[in-house]
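*Asks:* Dumping the structure here so I can ask a few things about it.
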Amino acid sequence: MTYSVSSEMSRLVATVKREQAPDGSWRYPFETGISTDAYMIILLRTLERNDQDLIRKLVERMESRQEDDGAWKLFYDEGEGNVTATVEAYYALLYSGYRKKTDRHMQAAKQRILEMGGIEKCAYVREVYVGHDGTISLAEVFPIPVEFLLLPPSFPLHFFDI
């Protein structure tokens with residue numbers, strides 16, 4: 001047993017050393033589902049870093065992962081489409097400037113989002129992004145006025161008292 005553990009550790013160390021780049025780094029793929037691509041598009045557009053080639057490639061890659069029913073999945077082996085991933089992809093594709101709400105696959109995505117329960121079923125952070133462009137009111141996302149968060153802890157009523 002000790003020999004097999006030691007030999008396996010040696011094999012793994014040799015593999016890692018062999019795959020190290022001359023600059024000392026390792027370049028392994030980082031795959032986290034569709035969200036990474038969606039947030040990259042949103043970030044690039046928000047920062048006005050208009051790397052059109054990269055944005056176009058991200059759009060094409062995201063579209064290639066759309067399911068036949070219009071949804072996107074977080075992971076390839078996820079049973080059904082994921083409403084949060086689908087909202088992220090839908091919003092990012094619109095924000096990219098390369099897709100319109102009237103595009104066939106965008107209409108399919110919207111229909112699937114509604115079938116899965118709509119934006120109400122999404123994680124909280126996604127609502128902020130969608131609220132960002134006026135799709136929904138920020139008052140719906142944040143029922144407490146943002147200024148309330150600025151009150152000092154010594155104030156008679158504080159955010160953390162709720």
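Chain identifiers are assigned as A, B, and so on, following the order in which chains appear in the structure tokens; residues are numbered from 1 within each chain, and ligands are numbered from 1 in order of appearance.
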Give me the residues near Tyr39 of chain A as a ChimeraX atom specification, where near means some atom within 8 Å (using only C-alpha atoms) and where sequence neighbours in that chain fewer than 3 positions away do not count.

*Replies:* /A:35-36,42-43,88,92

*Asks:* Write out as JSON, numbers by chain each polymer residue whose atoms come within 10 Å of Trp26 of chain A, counting only C-alpha atoms; drop sequence neighbours fewer than 5 positions from it.

*Replies:* {"A": [16, 17, 18, 19, 20, 21]}

*Asks:* Export N, CA and C atoms of the chosen residues as a PDB file, in the first residue's frame?

*Replies:*
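Result file result.pdb:
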```pdb
ATOM      1  N   VAL A  16       2.729  17.286 -12.947  1.00  0.00           N
ATOM      2  CA  VAL A  16       2.595  18.722 -12.678  1.00  0.00           C
ATOM      3  C   VAL A  16       3.848  19.469 -13.127  1.00  0.00           C
ATOM      4  N   LYS A  17       5.013  18.916 -12.853  1.00  0.00           N
ATOM      5  CA  LYS A  17       6.268  19.561 -13.281  1.00  0.00           C
ATOM      6  C   LYS A  17       6.356  19.631 -14.804  1.00  0.00           C
ATOM      7  N   ARG A  18       5.966  18.558 -15.462  1.00  0.00           N
ATOM      8  CA  ARG A  18       6.026  18.494 -16.921  1.00  0.00           C
ATOM      9  C   ARG A  18       5.075  19.510 -17.567  1.00  0.00           C
ATOM     10  N   GLU A  19       3.931  19.760 -16.937  1.00  0.00           N
ATOM     11  CA  GLU A  19       2.925  20.656 -17.506  1.00  0.00           C
ATOM     12  C   GLU A  19       3.121  22.119 -17.122  1.00  0.00           C
ATOM     13  N   GLN A  20       4.151  22.400 -16.328  1.00  0.00           N
ATOM     14  CA  GLN A  20       4.416  23.785 -15.939  1.00  0.00           C
ATOM     15  C   GLN A  20       5.009  24.551 -17.116  1.00  0.00           C
ATOM     16  N   ALA A  21       4.483  25.738 -17.356  1.00  0.00           N
ATOM     17  CA  ALA A  21       4.962  26.599 -18.449  1.00  0.00           C
ATOM     18  C   ALA A  21       6.313  27.212 -18.070  1.00  0.00           C
TER      19      ALA A  21
END
```

*Asks:* I'd like the contact shell of Gly117 of chain A - 12 Å cut-off, only C-alpha atoms, skipping same-chain residues fewer than 6 positions apart - returned as JSON, numbers by chain.

*Replies:* {"A": [81, 82, 83, 84, 86, 87, 110, 111]}

*Asks:* At a cut-off of 12 Å, using only C-alpha atoms, what residues contact Glu78 of chain A? Leave out same-chain residues fewer than 6 positions from it and give the result as a PyMOL selection string.

*Replies:* chain A and resi 33+67+71-72+85

*Asks:* Give me the residues within 8 Å of segment 55-62 of chain A as an MDAnalysis selection string, counting only C-alpha atoms and dropping any in the same chain fewer than 6 places off.

*Replies:* chainID A and resid 34 37:38 41 44 89 93 96 98

*Asks:* So how many Å separate atom CA of Arg112 of chain A and atom CA of Asp69 of chain A, to one decimal?

*Replies:*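 Straight-line distance from atom CA of Arg112 of chain A to atom CA of Asp69 of chain A works out to 6.9 Å.
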
*Asks:* Which one of A:Met116, A:Asp53, A:Thr15, A:Lys101 sits closest to Glu80 of chain A if you count only C-alpha atoms?

*Replies:* A:Met116

*Asks:* So which one's closest to Gln66 of chain A, A:Asn50, A:Ala123, A:Pro156, A:Ala108? Using only C-alpha atoms, please.

*Replies:*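 Comparing A:Asn50, A:Ala123, A:Pro156, A:Ala108 against Gln66 of chain A, the winner is A:Ala108.
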